[in-house]
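*Asks:* Sending over entry-v1.txt (compact mmCIF, C-alpha atoms and all ligand atoms).
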# COMPACT_ATOMS: atom_id res chain seq x y z
CA MET A 24 -63.47 19.94 9.03
CA LYS A 25 -63.06 18.04 12.29
CA ARG A 26 -63.70 20.05 15.44
CA TYR A 27 -61.99 19.53 18.76
CA THR A 28 -62.03 21.25 22.14
CA VAL A 29 -58.80 22.00 23.98
CA ALA A 30 -58.58 23.21 27.60
CA LEU A 31 -55.66 25.29 28.85
CA ALA A 32 -55.10 24.50 32.54
CA GLY A 33 -52.28 25.49 34.87
CA ASN A 34 -51.21 27.35 37.97
CA PRO A 35 -51.96 31.09 38.10
CA ASN A 36 -49.57 33.29 36.13
CA THR A 37 -48.00 30.57 34.01
CA GLY A 38 -48.92 32.28 30.74
CA LYS A 39 -52.13 30.45 29.78
CA SER A 40 -53.85 33.58 28.50
CA THR A 41 -50.68 34.70 26.71
CA LEU A 42 -50.63 31.31 24.99
CA PHE A 43 -54.36 31.54 24.30
CA ASN A 44 -53.80 34.91 22.61
CA THR A 45 -50.81 33.61 20.65
CA LEU A 46 -52.82 30.64 19.41
CA THR A 47 -56.12 32.34 18.64
CA GLY A 48 -54.92 35.82 17.73
CA MET A 49 -57.32 37.19 20.31
CA ARG A 50 -56.80 39.65 23.11
CA GLN A 51 -57.67 37.88 26.33
CA HIS A 52 -56.39 40.13 29.09
CA THR A 53 -53.04 39.03 30.55
CA GLY A 54 -50.74 40.30 33.25
CA ASN A 55 -49.91 39.67 36.85
CA TRP A 56 -52.75 40.45 39.24
CA ALA A 57 -54.76 42.72 36.99
CA GLY A 58 -54.84 40.17 34.20
CA LYS A 59 -55.92 37.22 36.25
CA THR A 60 -58.43 35.09 34.34
CA VAL A 61 -61.48 34.77 36.57
CA ASP A 62 -63.73 33.06 34.09
CA MET A 63 -63.34 30.89 31.05
CA ALA A 64 -62.67 32.46 27.70
CA GLU A 65 -63.02 30.68 24.41
CA GLY A 66 -61.58 31.14 20.93
CA GLU A 67 -60.72 29.06 17.91
CA LEU A 68 -57.79 28.22 15.70
CA VAL A 69 -57.33 26.15 12.59
CA HIS A 70 -54.41 23.74 12.39
CA LYS A 71 -53.79 21.24 9.61
CA GLY A 72 -57.40 21.27 8.50
CA SER A 73 -59.03 20.84 11.92
CA ILE A 74 -60.76 23.44 14.06
CA PHE A 75 -59.64 23.63 17.67
CA ARG A 76 -61.86 25.41 20.18
CA MET A 77 -59.51 26.66 22.88
CA ILE A 78 -60.77 27.20 26.44
CA ASP A 79 -58.63 29.47 28.64
CA LEU A 80 -59.30 28.25 32.19
CA PRO A 81 -58.64 30.23 35.38
CA GLY A 82 -55.29 29.48 37.02
CA THR A 83 -55.43 26.99 39.90
CA TYR A 84 -52.98 25.19 42.18
CA SER A 85 -55.22 22.14 42.42
CA LEU A 86 -58.49 20.72 41.14
CA TYR A 87 -60.12 20.27 44.52
CA SER A 88 -62.99 22.46 45.70
CA ASN A 89 -60.98 25.15 47.48
CA SER A 90 -62.24 28.03 45.37
CA ALA A 91 -64.65 28.94 42.59
CA ASP A 92 -61.69 29.03 40.17
CA GLU A 93 -60.72 25.47 41.03
CA GLU A 94 -64.29 24.30 40.61
CA VAL A 95 -64.59 26.01 37.22
CA ALA A 96 -61.35 24.43 35.96
CA ARG A 97 -62.12 21.03 37.47
CA ASP A 98 -65.71 20.90 36.24
CA TYR A 99 -64.61 21.75 32.74
CA ILE A 100 -62.00 19.00 32.57
CA VAL A 101 -64.09 16.37 34.37
CA PHE A 102 -67.54 17.05 32.93
CA GLU A 103 -66.97 18.70 29.55
CA GLN A 104 -64.15 16.26 28.80
CA PRO A 105 -62.16 18.28 26.27
CA ASP A 106 -60.45 16.33 23.50
CA VAL A 107 -57.10 17.65 24.73
CA SER A 108 -56.02 19.25 28.01
CA ILE A 109 -52.88 21.34 27.75
CA VAL A 110 -51.33 21.80 31.17
CA VAL A 111 -49.24 24.96 31.13
CA LEU A 112 -46.31 24.90 33.58
CA ASP A 113 -43.86 27.60 34.58
CA ALA A 114 -40.40 26.37 33.57
CA THR A 115 -38.84 28.28 36.48
CA SER A 116 -40.91 26.50 39.16
CA LEU A 117 -41.55 23.07 37.75
CA GLU A 118 -41.66 21.22 41.04
CA ARG A 119 -44.62 23.22 42.35
CA ASN A 120 -46.34 23.28 38.95
CA LEU A 121 -46.09 19.52 38.37
CA ASN A 122 -48.56 18.92 41.18
CA LEU A 123 -51.41 20.19 39.01
CA ALA A 124 -50.13 18.23 36.01
CA LEU A 125 -50.31 15.02 38.06
CA GLN A 126 -53.87 15.83 39.07
CA VAL A 127 -54.91 16.36 35.47
CA LEU A 128 -53.23 13.06 34.53
CA GLU A 129 -55.45 11.33 37.09
CA ILE A 130 -58.51 12.64 35.29
CA THR A 131 -57.62 12.27 31.61
CA SER A 132 -55.02 10.63 29.41
CA ARG A 133 -55.45 13.14 26.59
CA VAL A 134 -52.88 15.59 27.89
CA VAL A 135 -50.01 17.65 26.53
CA VAL A 136 -47.69 19.09 29.16
CA CYS A 137 -46.54 22.50 27.99
CA ILE A 138 -43.57 24.04 29.76
CA ASN A 139 -43.86 27.77 29.26
CA LEU A 140 -41.44 30.62 30.05
CA ILE A 141 -38.58 28.57 28.65
CA ASP A 142 -36.89 31.89 27.74
CA GLU A 143 -36.87 32.80 31.43
CA ALA A 144 -35.56 29.34 32.40
CA ASN A 145 -32.75 29.65 29.84
CA ARG A 146 -31.85 33.05 31.24
CA LEU A 147 -31.60 31.52 34.73
CA GLY A 148 -29.53 28.57 33.49
CA ILE A 149 -32.30 26.04 34.16
CA VAL A 150 -32.08 23.08 31.77
CA ILE A 151 -35.19 20.92 31.33
CA ASP A 152 -34.97 17.43 29.86
CA THR A 153 -38.36 17.33 28.13
CA ALA A 154 -37.76 13.83 26.69
CA LEU A 155 -37.08 12.36 30.14
CA LEU A 156 -40.03 14.22 31.66
CA SER A 157 -42.28 12.95 28.87
CA GLN A 158 -41.09 9.42 29.50
CA LYS A 159 -41.81 9.73 33.22
CA LEU A 160 -45.21 11.43 32.86
CA GLY A 161 -46.32 9.22 29.97
CA VAL A 162 -47.60 12.11 27.84
CA PRO A 163 -45.98 14.52 25.36
CA VAL A 164 -43.99 17.37 26.90
CA VAL A 165 -43.22 20.52 24.90
CA ALA A 166 -41.10 23.52 25.93
CA ILE A 167 -42.35 26.89 24.70
CA SER A 168 -42.27 30.60 25.20
CA ALA A 169 -45.80 31.87 24.62
CA ARG A 170 -44.61 35.47 24.71
CA SER A 171 -41.74 35.04 22.23
CA LYS A 172 -43.74 32.51 20.17
CA VAL A 173 -41.09 29.79 20.49
CA GLY A 174 -42.12 26.12 20.25
CA ILE A 175 -45.69 26.88 19.17
CA ASP A 176 -45.60 24.64 16.08
CA ASP A 177 -44.37 21.72 18.15
CA LEU A 178 -47.18 22.30 20.67
CA LEU A 179 -49.82 22.50 17.93
CA ASN A 180 -48.58 19.28 16.35
CA GLN A 181 -48.64 17.40 19.66
CA MET A 182 -52.11 18.78 20.41
CA GLU A 183 -53.36 17.68 17.00
CA GLN A 184 -51.92 14.18 17.37
CA ILE A 185 -53.59 13.74 20.76
CA ALA A 186 -56.89 15.10 19.42
CA HIS A 187 -56.89 12.60 16.55
CA GLY A 188 -55.98 9.80 18.95
CA PHE A 189 -52.70 9.14 17.13
CA THR A 190 -50.51 9.51 20.22
CA GLU A 191 -50.56 6.67 22.68
CA THR A 192 -50.23 7.99 26.21
CA LYS A 193 -49.63 6.24 29.50
CA PRO A 194 -50.26 8.83 32.20
CA LEU A 195 -48.27 8.43 35.38
CA GLN A 196 -50.58 7.16 38.11
CA ILE A 197 -49.67 7.88 41.69
CA ALA A 198 -49.84 4.85 44.00
CA TYR A 199 -51.30 5.89 47.35
CA GLY A 200 -50.27 2.96 49.52
CA ASP A 201 -52.06 -0.23 50.50
CA SER A 202 -54.83 1.06 52.73
CA ILE A 203 -55.94 3.85 50.37
CA GLU A 204 -55.58 1.62 47.30
CA ARG A 205 -57.80 -0.97 49.01
CA LYS A 206 -60.47 1.66 49.62
CA ILE A 207 -60.23 2.84 46.01
CA THR A 208 -60.79 -0.74 44.85
CA GLU A 209 -63.85 -1.00 47.09
CA LEU A 210 -65.30 2.30 45.92
CA GLU A 211 -64.74 1.97 42.18
CA PRO A 212 -67.51 -0.57 41.45
CA LEU A 213 -69.97 1.43 43.59
CA ILE A 214 -69.15 4.58 41.64
CA ARG A 215 -69.54 2.75 38.33
CA GLU A 216 -72.91 1.45 39.52
CA GLN A 217 -74.11 5.00 40.19
CA LEU A 218 -72.45 6.92 37.38
CA GLY A 219 -71.37 4.42 34.75
CA VAL A 220 -67.98 5.01 33.22
CA ARG A 221 -68.50 8.51 31.91
CA PHE A 222 -66.36 10.06 34.66
CA PRO A 223 -62.84 9.02 35.77
CA THR A 224 -63.66 6.43 38.41
CA ARG A 225 -60.33 6.18 40.21
CA TRP A 226 -60.06 9.94 40.50
CA LEU A 227 -63.65 10.16 41.81
CA ALA A 228 -62.88 7.50 44.41
CA LEU A 229 -59.88 9.52 45.58
CA ARG A 230 -61.91 12.71 45.83
CA LEU A 231 -64.64 10.91 47.78
CA LEU A 232 -62.06 9.51 50.19
CA ASP A 233 -60.82 13.07 50.65
CA GLY A 234 -64.39 14.16 51.51
CA ASP A 235 -64.69 16.59 48.61
CA GLN A 236 -68.22 17.85 49.27
CA GLY A 237 -68.02 20.50 46.55
CA LEU A 238 -67.43 17.84 43.93
CA LEU A 239 -70.44 15.85 45.12
CA GLU A 240 -72.58 18.98 44.77
CA SER A 241 -71.26 19.51 41.24
CA ILE A 242 -72.04 15.92 40.28
CA LYS A 243 -75.54 16.18 41.70
CA ALA A 244 -76.15 19.45 39.84
CA ARG A 245 -74.82 17.88 36.67
CA LEU A 246 -77.09 14.85 37.02
CA ASN A 247 -80.09 17.12 37.65
CA GLY A 248 -79.15 19.25 34.68
CA THR A 249 -78.99 22.41 36.80
CA THR A 250 -75.36 23.31 36.25
CA GLY A 251 -74.03 25.61 33.68
CA ALA A 252 -70.66 27.34 33.86
CA LYS A 253 -70.17 28.01 30.18
CA PRO A 254 -67.14 29.65 28.59
CA ARG A 255 -67.47 33.32 27.84
CA GLN A 256 -67.89 33.51 24.09
CA GLU A 257 -65.34 35.67 22.31
CA VAL A 258 -65.53 36.85 18.73
CA VAL A 259 -64.14 34.08 16.57
CA ASP A 260 -61.51 35.41 14.24
CA TYR A 261 -60.42 32.86 11.69
CA GLY A 262 -58.42 35.40 9.74
CA ARG A 263 -55.86 35.76 12.49
CA THR A 264 -55.62 32.16 13.60
CA ALA A 265 -52.48 30.08 13.42
CA CYS A 266 -52.90 28.17 10.15
CA HIS A 267 -50.28 25.63 9.23
N1 LIG B 301 -40.77 35.77 29.97
C1 LIG B 301 -41.97 35.29 29.62
N2 LIG B 301 -43.07 35.79 30.20
C2 LIG B 301 -44.25 35.27 29.82
C3 LIG B 301 -44.35 34.22 28.88
N3 LIG B 301 -45.67 33.91 28.74
C4 LIG B 301 -46.34 34.72 29.57
N4 LIG B 301 -45.51 35.55 30.22
C5 LIG B 301 -45.86 36.59 31.20
O1 LIG B 301 -46.41 35.98 32.36
C6 LIG B 301 -47.41 36.83 32.96
C7 LIG B 301 -48.69 36.06 33.19
O2 LIG B 301 -49.26 35.74 31.94
P1 LIG B 301 -50.81 35.35 31.78
O3 LIG B 301 -50.94 34.89 30.36
O4 LIG B 301 -51.71 36.41 32.26
O5 LIG B 301 -50.89 34.12 32.78
P2 LIG B 301 -52.16 33.22 33.13
O6 LIG B 301 -51.66 31.85 33.30
O7 LIG B 301 -53.24 33.41 32.13
O8 LIG B 301 -52.59 33.80 34.53
P3 LIG B 301 -53.99 33.50 35.32
O9 LIG B 301 -55.11 33.85 34.41
O10 LIG B 301 -53.90 34.35 36.54
O11 LIG B 301 -53.97 32.06 35.69
C8 LIG B 301 -47.55 38.01 31.99
O12 LIG B 301 -46.81 39.08 32.50
C9 LIG B 301 -46.98 37.49 30.69
O13 LIG B 301 -46.47 38.51 29.86
C10 LIG B 301 -43.15 33.72 28.27
O14 LIG B 301 -43.14 32.82 27.44
N5 LIG B 301 -41.99 34.29 28.70
MG MG B 302 -55.18 33.95 32.38
Show this structure as structure tokens.
Ligand SMILES: Nc1nc2c(ncn2[C@@H]2O[C@H](COP(=O)(O)OP(=O)(O)OP(=O)(O)O)[C@@H](O)[C@H]2O)c(=O)[nH]1
Ligand SMILES: [Mg+2]

*Replies:*
Amino acid sequence: MKRYTVALAGNPNTGKSTLFNTLTGMRQHTGNWAGKTVDMAEGELVHKGSIFRMIDLPGTYSLYSNSADEEVARDYIVFEQPDVSIVVLDATSLERNLNLALQVLEITSRVVVCINLIDEANRLGIVIDTALLSQKLGVPVVAISARSKVGIDDLLNQMEQIAHGFTETKPLQIAYGDSIERKITELEPLIREQLGVRFPTRWLALRLLDGDQGLLESIKARLNGTTGAKPRQEVVDYGRTACH
């Protein structure tokens, strides 16, 4: 069986752990404040003959170095390089949530945008054109309700297609204007010289221009082999996984 890793990223309280539980059949704590995920949790599911190791990341508004949560989520996506990153958005506050999606798209092209709480959006009369959004973002967009288990099959299929490399994506890249773009172009070869191409060069250049000291520390620790935020291991329960 092929094995893949899948990260669940998103703003706080967008239903990542609820989705994680729905997908893995596990009981990661959920809720408003009390259920906040402070660490990473990990579980597995089987879909169409492949094993997907799901990583439930802490909720973050960005992937800078503003908090330990942001560093945990960022380091996982940048350094562990999951086969798929699912960005979970709250359908009732898309504008705010899309900020994080754009940041993830700067780091990796293997992304599925998952619009959760679609039941709540429907109740409020909010209509989301997922096809148009997918066209604009350049990656698959799926609308779900993790709590009511709506849209889960569609999400799993999109995740699987990205994992296998069957879906061609073209992530939206933000253009930052001439002076910043010039600096990015200057920095990129220097970064490649130091780090090769294992990390997303353009994104690193942007973070350096922003003076992200925390990221530099993380890279140094990584290069010295002294880092080690590892997902909390949960009991793997194949019997209750979503098999299709
Ligand atoms: N109406 C509705 N509520 C949902 C849905 N999915 C999750 N919720 C609720 O949203 C709240 C937050 O869910 P969590 O799964 O804890 O959110 P989270 O993204 O893991 O939160 P953090 O770990 O803090 O980032 C809970 O009260 C869930 O029951 C959904 O599809 N519809
Ligand atoms: Mg959570």

*Asks:* Which polymer residues, whether protein, DNA or RNA, lie within 12 Å of the coordinate (-57.5, 24.9, 45.5) when you count all atoms listed in the file? List them as a list of chain:residue names, using the chain letters and numbers from the file.

*Replies:*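 Checked against the point, the hits come out as A:Gly33, A:Asn34, A:Pro35, A:Pro81, A:Gly82, A:Thr83, A:Tyr84, A:Ser85, A:Leu86, A:Tyr87, A:Ser88, A:Asn89, A:Ser90, A:Ala91, A:Asp92, A:Glu93, A:Glu94, A:Val95, A:Ala96, A:Arg97, A:Asn122, A:Leu123, A:Gln126, A:Asp235, A:Gly237.
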
*Asks:* Hey, can you spit out that residue selection with C-alpha atoms as a JSON list (two decimals), in the frame of the given file?

*Replies:*
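For reference, part_6.json as written:
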[["chain", "number", "residue", "atom", "x", "y", "z"],
["A", 33, "GLY", "CA", -52.28, 25.49, 34.87],
["A", 34, "ASN", "CA", -51.21, 27.35, 37.97],
["A", 35, "PRO", "CA", -51.96, 31.09, 38.10],
["A", 81, "PRO", "CA", -58.64, 30.23, 35.38],
["A", 82, "GLY", "CA", -55.29, 29.48, 37.02],
["A", 83, "THR", "CA", -55.43, 26.99, 39.90],
["A", 84, "TYR", "CA", -52.98, 25.19, 42.18],
["A", 85, "SER", "CA", -55.22, 22.14, 42.42],
["A", 86, "LEU", "CA", -58.49, 20.72, 41.14],
["A", 87, "TYR", "CA", -60.12, 20.27, 44.52],
["A", 88, "SER", "CA", -62.99, 22.46, 45.70],
["A", 89, "ASN", "CA", -60.98, 25.15, 47.48],
["A", 90, "SER", "CA", -62.24, 28.03, 45.37],
["A", 91, "ALA", "CA", -64.65, 28.94, 42.59],
["A", 92, "ASP", "CA", -61.69, 29.03, 40.17],
["A", 93, "GLU", "CA", -60.72, 25.47, 41.03],
["A", 94, "GLU", "CA", -64.29, 24.30, 40.61],
["A", 95, "VAL", "CA", -64.59, 26.01, 37.22],
["A", 96, "ALA", "CA", -61.35, 24.43, 35.96],
["A", 97, "ARG", "CA", -62.12, 21.03, 37.47],
["A", 122, "ASN", "CA", -48.56, 18.92, 41.18],
["A", 123, "LEU", "CA", -51.41, 20.19, 39.01],
["A", 126, "GLN", "CA", -53.87, 15.83, 39.07],
["A", 235, "ASP", "CA", -64.69, 16.59, 48.61],
["A", 237, "GLY", "CA", -68.02, 20.50, 46.55]]

*Asks:* Residues proximal to (-58.9, 24.2, 27.4) were defined as those with any atom within 6 Å of that point in the file's coordinates, counting only C-alpha atoms. Which are they, as a list of chain:residue names?

*Replies:*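 Residues lying no farther than 6 Å from the given point: A:Val29, A:Ala30, A:Leu31, A:Met77, A:Ile78, A:Asp79, A:Ser108.
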
*Asks:* Might you pull out every residue within 8 Å of segment 198-210 of chain A, with all atoms listed in the file counted and same-chain residues fewer than 4 positions away left off, and present them as a PyMOL selection string?

*Replies:* chain A and resi 214+225+228-229

*Asks:* Using atom CA of Gly38 of chain A and atom C6 of ligand LIG 301 (chain B) as the two end points, give the distance in Å to one decimal.

*Replies:* 5.3 Å

*Asks:* Do you have the atom P1 of ligand LIG 301 (chain B)-atom CA of Leu125 of chain A distance handy?

*Replies:* 21.3 Å

*Asks:* From the options A:Val220, A:Val135, A:Leu117, A:Ile197, which residue's atoms come nearest to Met182 of chain A, counting all atoms listed in the file?

*Replies:* A:Val135

*Asks:* What are the closest atom pairs, with distances in Å to one decimal, for each residue of segment 89-156 of chain A lying within 12 Å of segment 176-180 of chain A, using all atoms listed in the file, rows by chain and rising residue number, as a tab-separated table?

*Replies:*
residue	atom	partner	partner_atom	distance
A:Val107	CA	A:Leu179	CA	11.1
A:Ser108	CA	A:Leu178	CA	11.9
A:Ile109	CA	A:Leu178	CA	9.1
A:Val110	CA	A:Leu178	CA	11.3
A:Val111	CA	A:Leu178	CA	11.0
A:Val134	CA	A:Leu178	CA	11.4
A:Val135	CA	A:Leu178	CA	8.0
A:Val136	CA	A:Leu178	CA	9.1
A:Cys137	CA	A:Leu178	CA	7.4
A:Ile138	CA	A:Leu178	CA	9.9
A:Asn139	CA	A:Leu178	CA	10.7

*Asks:* At a cut-off of 10 Å around ligand LIG 301 (chain B), and using all atoms listed in the file, what residues come up? Please write them as a count of residues only.

*Replies:* 56
